[in-house]
$ cat coords28.pdb   # PDB, C-alpha atoms
ATOM      1  CA  MET M1421       0.000   0.000   0.000  1.00  0.00           C
ATOM      2  CA  GLN M1422       2.893   2.347   0.787  1.00  0.00           C
ATOM      3  CA  VAL M1423       4.275   1.937  -2.732  1.00  0.00           C
ATOM      4  CA  PHE M1424       0.897   2.851  -4.220  1.00  0.00           C
ATOM      5  CA  LEU M1425       0.579   5.935  -2.011  1.00  0.00           C
ATOM      6  CA  ASN M1426       4.116   7.058  -2.861  1.00  0.00           C
ATOM      7  CA  ARG M1427       3.438   6.721  -6.590  1.00  0.00           C
ATOM      8  CA  TYR M1428       0.074   8.445  -6.285  1.00  0.00           C
ATOM      9  CA  PHE M1429       1.702  11.288  -4.345  1.00  0.00           C
ATOM     10  CA  LEU M1430       4.378  11.653  -7.035  1.00  0.00           C
ATOM     11  CA  PHE M1431       1.650  11.660  -9.702  1.00  0.00           C
ATOM     12  CA  LEU M1432      -0.206  14.417  -7.823  1.00  0.00           C
ATOM     13  CA  GLN M1433       2.976  16.486  -7.537  1.00  0.00           C
ATOM     14  CA  LYS M1434       3.768  16.161 -11.251  1.00  0.00           C
ATOM     15  CA  THR M1435       0.172  16.915 -12.225  1.00  0.00           C
ATOM     16  CA  LEU M1436       0.205  19.939  -9.947  1.00  0.00           C
ATOM     17  CA  SER M1437       3.393  21.189 -11.593  1.00  0.00           C
ATOM     18  CA  GLY M1438       1.869  20.710 -15.040  1.00  0.00           C
ATOM     19  CA  LEU M1439      -1.270  22.588 -14.032  1.00  0.00           C
ATOM     20  CA  LEU M1440       0.811  25.487 -12.725  1.00  0.00           C
ATOM     21  CA  ILE M1441       2.539  25.713 -16.092  1.00  0.00           C
ATOM     22  CA  LEU M1442      -0.831  25.427 -17.824  1.00  0.00           C
ATOM     23  CA  LEU M1443      -2.145  28.270 -15.658  1.00  0.00           C
ATOM     24  CA  LEU M1444       0.712  30.504 -16.765  1.00  0.00           C
ATOM     25  CA  ILE M1445      -0.233  30.295 -20.448  1.00  0.00           C
ATOM     26  CA  PRO M1446      -3.688  31.931 -20.322  1.00  0.00           C
ATOM     27  CA  VAL M1447      -2.635  34.415 -17.647  1.00  0.00           C
ATOM     28  CA  LEU M1448       0.389  35.559 -19.659  1.00  0.00           C
ATOM     29  CA  LEU M1449      -1.756  35.711 -22.787  1.00  0.00           C
ATOM     30  CA  GLN M1450      -4.245  37.936 -20.955  1.00  0.00           C
ATOM     31  CA  VAL M1451      -1.518  40.246 -19.680  1.00  0.00           C
ATOM     32  CA  PHE M1452       0.287  40.506 -23.017  1.00  0.00           C
ATOM     33  CA  SER M1453      -2.953  41.112 -24.911  1.00  0.00           C
ATOM     34  CA  ARG M1454      -3.595  44.134 -22.715  1.00  0.00           C
ATOM     35  CA  LEU M1455      -0.104  45.552 -23.167  1.00  0.00           C
ATOM     36  CA  ILE M1456       0.668  44.651 -26.786  1.00  0.00           C
ATOM     37  CA  PRO M1457      -1.916  45.925 -29.280  1.00  0.00           C
ATOM     38  CA  PHE M1458      -1.436  43.302 -32.024  1.00  0.00           C
ATOM     39  CA  ILE M1459      -2.167  40.319 -29.728  1.00  0.00           C
ATOM     40  CA  PRO M1460      -5.911  39.582 -29.809  1.00  0.00           C
ATOM     41  CA  ARG M1461      -7.864  39.517 -26.570  1.00  0.00           C
ATOM     42  CA  TYR M1462      -9.075  35.979 -26.149  1.00  0.00           C
ATOM     43  CA  ILE M1463     -12.013  35.481 -23.827  1.00  0.00           C
ATOM     44  CA  TRP M1464     -11.406  31.762 -23.224  1.00  0.00           C
ATOM     45  CA  THR M1465      -8.202  32.487 -21.306  1.00  0.00           C
ATOM     46  CA  GLU M1466     -10.085  33.656 -18.216  1.00  0.00           C
ATOM     47  CA  GLU M1467     -12.163  30.476 -18.082  1.00  0.00           C
ATOM     48  CA  LEU M1468      -9.181  28.177 -18.596  1.00  0.00           C
ATOM     49  CA  ALA M1469      -7.222  30.012 -15.883  1.00  0.00           C
ATOM     50  CA  ARG M1470     -10.128  29.661 -13.449  1.00  0.00           C
ATOM     51  CA  PHE M1471     -10.543  25.938 -14.129  1.00  0.00           C
ATOM     52  CA  ALA M1472      -6.811  25.289 -13.769  1.00  0.00           C
ATOM     53  CA  PHE M1473      -6.816  27.270 -10.524  1.00  0.00           C
ATOM     54  CA  VAL M1474      -9.622  25.107  -9.086  1.00  0.00           C
ATOM     55  CA  TRP M1475      -7.692  21.926  -9.892  1.00  0.00           C
ATOM     56  CA  ILE M1476      -4.480  23.411  -8.457  1.00  0.00           C
ATOM     57  CA  ILE M1477      -6.245  24.154  -5.180  1.00  0.00           C
ATOM     58  CA  MET M1478      -7.739  20.676  -4.889  1.00  0.00           C
ATOM     59  CA  LEU M1479      -4.555  18.820  -5.842  1.00  0.00           C
ATOM     60  CA  GLY M1480      -2.464  21.159  -3.713  1.00  0.00           C
ATOM     61  CA  SER M1481      -4.629  20.431  -0.691  1.00  0.00           C
ATOM     62  CA  SER M1482      -4.096  16.710  -1.225  1.00  0.00           C
ATOM     63  CA  VAL M1483      -0.333  17.182  -1.440  1.00  0.00           C
ATOM     64  CA  ALA M1484      -0.449  19.317   1.709  1.00  0.00           C
ATOM     65  CA  VAL M1485      -2.323  16.596   3.613  1.00  0.00           C
ATOM     66  CA  ARG M1486       0.319  14.020   2.681  1.00  0.00           C
ATOM     67  CA  ASP M1487       3.170  16.394   3.559  1.00  0.00           C
ATOM     68  CA  GLN M1488       1.380  17.409   6.732  1.00  0.00           C
ATOM     69  CA  SER M1489       1.982  20.997   5.641  1.00  0.00           C
ATOM     70  CA  HIS M1490      -1.671  21.969   5.876  1.00  0.00           C
ATOM     71  CA  PHE M1491      -2.484  24.399   8.606  1.00  0.00           C
ATOM     72  CA  TYR M1492      -1.668  23.217  12.070  1.00  0.00           C
ATOM     73  CA  VAL M1493      -2.479  25.465  14.981  1.00  0.00           C
ATOM     74  CA  ASP M1494      -0.332  25.112  18.061  1.00  0.00           C
ATOM     75  CA  LEU M1495      -2.748  26.311  20.713  1.00  0.00           C
ATOM     76  CA  LEU M1496      -1.762  24.185  23.654  1.00  0.00           C
ATOM     77  CA  PRO M1497       1.234  24.844  25.886  1.00  0.00           C
ATOM     78  CA  ASN M1498       4.253  22.547  25.906  1.00  0.00           C
ATOM     79  CA  SER M1499       3.171  21.108  29.253  1.00  0.00           C
ATOM     80  CA  TRP M1500       0.441  19.299  27.333  1.00  0.00           C
ATOM     81  CA  SER M1501       2.923  17.564  25.038  1.00  0.00           C
ATOM     82  CA  LYS M1502       2.195  14.212  26.701  1.00  0.00           C
ATOM     83  CA  TYR M1503      -1.219  14.431  25.013  1.00  0.00           C
ATOM     84  CA  GLY M1504       0.278  15.139  21.586  1.00  0.00           C
ATOM     85  CA  HIS M1505      -0.534  11.672  20.264  1.00  0.00           C
ATOM     86  CA  LEU M1506      -4.169  11.976  21.284  1.00  0.00           C
ATOM     87  CA  LEU M1507      -4.463  15.520  19.940  1.00  0.00           C
ATOM     88  CA  ARG M1508      -3.030  14.466  16.561  1.00  0.00           C
ATOM     89  CA  LEU M1509      -5.582  11.651  16.376  1.00  0.00           C
ATOM     90  CA  VAL M1510      -8.415  14.062  17.175  1.00  0.00           C
ATOM     91  CA  GLY M1511      -7.143  16.334  14.412  1.00  0.00           C
ATOM     92  CA  PHE M1512      -7.045  13.389  12.004  1.00  0.00           C
ATOM     93  CA  VAL M1513     -10.643  12.492  12.884  1.00  0.00           C
ATOM     94  CA  PHE M1514     -11.848  16.026  12.126  1.00  0.00           C
ATOM     95  CA  MET M1515      -9.905  16.067   8.872  1.00  0.00           C
ATOM     96  CA  LEU M1516     -11.395  12.697   7.936  1.00  0.00           C
ATOM     97  CA  LEU M1517     -14.880  14.066   8.577  1.00  0.00           C
ATOM     98  CA  LEU M1518     -14.163  17.011   6.295  1.00  0.00           C
ATOM     99  CA  ALA M1519     -12.748  14.637   3.696  1.00  0.00           C
ATOM    100  CA  LEU M1520     -15.989  12.639   3.795  1.00  0.00           C
ATOM    101  CA  VAL M1521     -17.959  15.848   3.253  1.00  0.00           C
ATOM    102  CA  PHE M1522     -15.831  16.597   0.200  1.00  0.00           C
ATOM    103  CA  LEU M1523     -16.135  13.023  -1.087  1.00  0.00           C
ATOM    104  CA  ILE M1524     -19.899  12.657  -0.642  1.00  0.00           C
ATOM    105  CA  GLY M1525     -20.841  16.266  -1.350  1.00  0.00           C
ATOM    106  CA  GLY M1526     -18.433  16.341  -4.270  1.00  0.00           C
ATOM    107  CA  TYR M1527     -20.092  13.273  -5.742  1.00  0.00           C
ATOM    108  CA  TYR M1528     -23.451  15.069  -5.822  1.00  0.00           C
ATOM    109  CA  PHE M1529     -21.758  18.235  -7.020  1.00  0.00           C
ATOM    110  CA  THR M1530     -20.247  16.279  -9.924  1.00  0.00           C
ATOM    111  CA  GLN M1531     -23.618  14.745 -10.762  1.00  0.00           C
ATOM    112  CA  PHE M1532     -25.077  18.250 -10.856  1.00  0.00           C
ATOM    113  CA  GLY M1533     -22.290  19.341 -13.187  1.00  0.00           C
ATOM    114  CA  ALA M1534     -22.898  16.427 -15.553  1.00  0.00           C
ATOM    115  CA  THR M1535     -25.806  18.326 -17.090  1.00  0.00           C
ATOM    116  CA  GLN M1536     -23.954  21.625 -17.497  1.00  0.00           C
ATOM    117  CA  HIS M1537     -21.395  23.067 -19.890  1.00  0.00           C
ATOM    118  CA  SER M1538     -19.120  26.059 -19.452  1.00  0.00           C
ATOM    119  CA  GLU M1539     -20.286  29.180 -21.227  1.00  0.00           C
ATOM    120  CA  ILE M1540     -17.219  30.031 -23.262  1.00  0.00           C
ATOM    121  CA  ALA M1541     -15.286  26.813 -23.949  1.00  0.00           C
ATOM    122  CA  GLY M1542     -18.298  24.483 -23.808  1.00  0.00           C
ATOM    123  CA  LEU M1543     -16.479  22.067 -21.497  1.00  0.00           C
ATOM    124  CA  PRO M1544     -18.663  19.697 -19.496  1.00  0.00           C
ATOM    125  CA  MET M1545     -18.633  21.028 -15.943  1.00  0.00           C
ATOM    126  CA  TRP M1546     -18.223  17.589 -14.379  1.00  0.00           C
ATOM    127  CA  VAL M1547     -14.600  17.770 -15.569  1.00  0.00           C
ATOM    128  CA  ILE M1548     -14.118  20.666 -13.143  1.00  0.00           C
ATOM    129  CA  TYR M1549     -16.452  19.502 -10.365  1.00  0.00           C
ATOM    130  CA  ILE M1550     -14.887  16.048 -10.075  1.00  0.00           C
ATOM    131  CA  ALA M1551     -11.889  17.708  -8.422  1.00  0.00           C
ATOM    132  CA  TRP M1552     -13.856  17.899  -5.149  1.00  0.00           C
ATOM    133  CA  PRO M1553     -14.574  14.183  -4.627  1.00  0.00           C
ATOM    134  CA  LEU M1554     -11.088  13.282  -5.878  1.00  0.00           C
ATOM    135  CA  ALA M1555      -9.579  15.637  -3.308  1.00  0.00           C
ATOM    136  CA  GLY M1556     -11.746  14.085  -0.600  1.00  0.00           C
ATOM    137  CA  LEU M1557     -10.683  10.583  -1.612  1.00  0.00           C
ATOM    138  CA  SER M1558      -7.023  11.602  -1.674  1.00  0.00           C
ATOM    139  CA  TRP M1559      -7.320  13.165   1.775  1.00  0.00           C
ATOM    140  CA  ILE M1560      -8.871   9.968   3.103  1.00  0.00           C
ATOM    141  CA  LEU M1561      -6.085   7.815   1.657  1.00  0.00           C
ATOM    142  CA  PHE M1562      -3.345  10.016   3.070  1.00  0.00           C
ATOM    143  CA  LEU M1563      -5.044  10.465   6.447  1.00  0.00           C
ATOM    144  CA  VAL M1564      -5.547   6.722   6.886  1.00  0.00           C
ATOM    145  CA  GLU M1565      -1.832   6.319   6.157  1.00  0.00           C
ATOM    146  CA  GLN M1566      -0.987   8.962   8.781  1.00  0.00           C
ATOM    147  CA  VAL M1567      -3.261   7.403  11.405  1.00  0.00           C
ATOM    148  CA  TYR M1568      -1.597   4.047  10.764  1.00  0.00           C
ATOM    149  CA  GLN M1569       1.858   5.616  11.114  1.00  0.00           C
ATOM    150  CA  GLU M1570       0.762   7.397  14.289  1.00  0.00           C
ATOM    151  CA  PHE M1571      -0.276   4.102  15.876  1.00  0.00           C
ATOM    152  CA  ARG M1572       2.918   2.388  14.715  1.00  0.00           C
ATOM    153  CA  SER M1573       5.047   5.144  16.200  1.00  0.00           C
ATOM    154  CA  ARG M1574       3.089   4.908  19.451  1.00  0.00           C
ATOM    155  CA  GLU M1575       3.727   1.144  19.644  1.00  0.00           C
ATOM    156  CA  THR M1576       7.486   1.587  19.328  1.00  0.00           C
ATOM    157  CA  ILE M1577       7.600   4.014  22.257  1.00  0.00           C
TER     158      ILE M1577
END
$ encode --input "coords28.pdb" --output "structure tokens"
Amino acid sequence: MQVFLNRYFLFLQKTLSGLLILLLIPVLLQVFSRLIPFIPRYIWTEELARFAFVWIIMLGSSVAVRDQSHFYVDLLPNSWSKYGHLLRLVGFVFMLLLALVFLIGGYYFTQFGATQHSEIAGLPMWVIYIAWPLAGLSWILFLVEQVYQEFRSRETI
């Protein structure tokens, strides 16, 4: 399972890098078309940039969950460090609940988008909306891995 998660994580990172490059193209085209008079002003660039940005956010959140670089608030004093294991597990539970909301709600969101098309490019909207349940599924996979590692580290202590 660890090999699969490592490969999936690498795939997400490479896809995220590709989407960032893809985002640069329409944004640069928009900027240059405003500054250079002979470059036409394409309207589809705004829509493509927005769709790429949505996917970047969803994939980036999945990468952040695996890296454990998502927000982590250190509210408790160091004297509570003996409860760190328990507090991490509570945090994982809340993140798993949010991941389930994204997975289940995203499924219905994608079904809703199956009947719609974008105004300018005519893309089916499910292509954009499916990012939500995929992010939720990715979070679940990575959080289950982290919970497993947390219990393994606790056993070795």
$ residues_around --input "coords28.pdb" --residues "Gln1566 (chain M)" --least-positions-apart "4" --cutoff "12 Å" --atoms "only C-alpha atoms" --output "PyMOL selection string"
chain M and resi 1422+1425+1485-1488+1505+1508-1509+1511-1513+1515-1516+1559-1562+1570-1573
$ write_last_selection --input "coords28.pdb" --atoms "C-alpha atoms" --output "short mmCIF file (atom, residue, chain, number, x, y, z; two decimals), in the frame of the given file"
data_model
loop_
_atom_site.label_atom_id
_atom_site.label_comp_id
_atom_site.auth_asym_id
_atom_site.auth_seq_id
_atom_site.Cartn_x
_atom_site.Cartn_y
_atom_site.Cartn_z
CA GLN M 1422 2.89 2.35 0.79
CA LEU M 1425 0.58 5.94 -2.01
CA VAL M 1485 -2.32 16.60 3.61
CA ARG M 1486 0.32 14.02 2.68
CA ASP M 1487 3.17 16.39 3.56
CA GLN M 1488 1.38 17.41 6.73
CA HIS M 1505 -0.53 11.67 20.26
CA ARG M 1508 -3.03 14.47 16.56
CA LEU M 1509 -5.58 11.65 16.38
CA GLY M 1511 -7.14 16.33 14.41
CA PHE M 1512 -7.04 13.39 12.00
CA VAL M 1513 -10.64 12.49 12.88
CA MET M 1515 -9.90 16.07 8.87
CA LEU M 1516 -11.40 12.70 7.94
CA TRP M 1559 -7.32 13.16 1.78
CA ILE M 1560 -8.87 9.97 3.10
CA LEU M 1561 -6.08 7.82 1.66
CA PHE M 1562 -3.34 10.02 3.07
CA GLU M 1570 0.76 7.40 14.29
CA PHE M 1571 -0.28 4.10 15.88
CA ARG M 1572 2.92 2.39 14.72
CA SER M 1573 5.05 5.14 16.20
#
$ resolve_selection --input "coords28.pdb" --expression "the PyMOL selection byres ((chain M and resi 1520-1525) around 8)" --output "list in words"
Leu1516, Leu1517, Leu1518, Ala1519, Gly1526, Tyr1527, Tyr1528, Phe1529, Trp1552, Pro1553, Leu1554, Ala1555, Gly1556, Leu1557 and Ile1560 of chain M
$ resolve_selection --input "coords28.pdb" --expression "the PyMOL selection byres ((chain M and resi 1468-1480) around 10)" --output "ChimeraX atom specification"
/M:1429,1432-1433,1435-1447,1450,1463-1467,1481-1486,1490,1540-1541,1543,1545,1547-1556,1558-1559
$ atom_distance --input "coords28.pdb" --atom1 "CA of Arg1461 (chain M)" --atom2 "CA of Glu1539 (chain M)"
17.0 Å
$ atom_distance --input "coords28.pdb" --atom1 "CA of Val1564 (chain M)" --atom2 "CA of Met1421 (chain M)"
11.1 Å
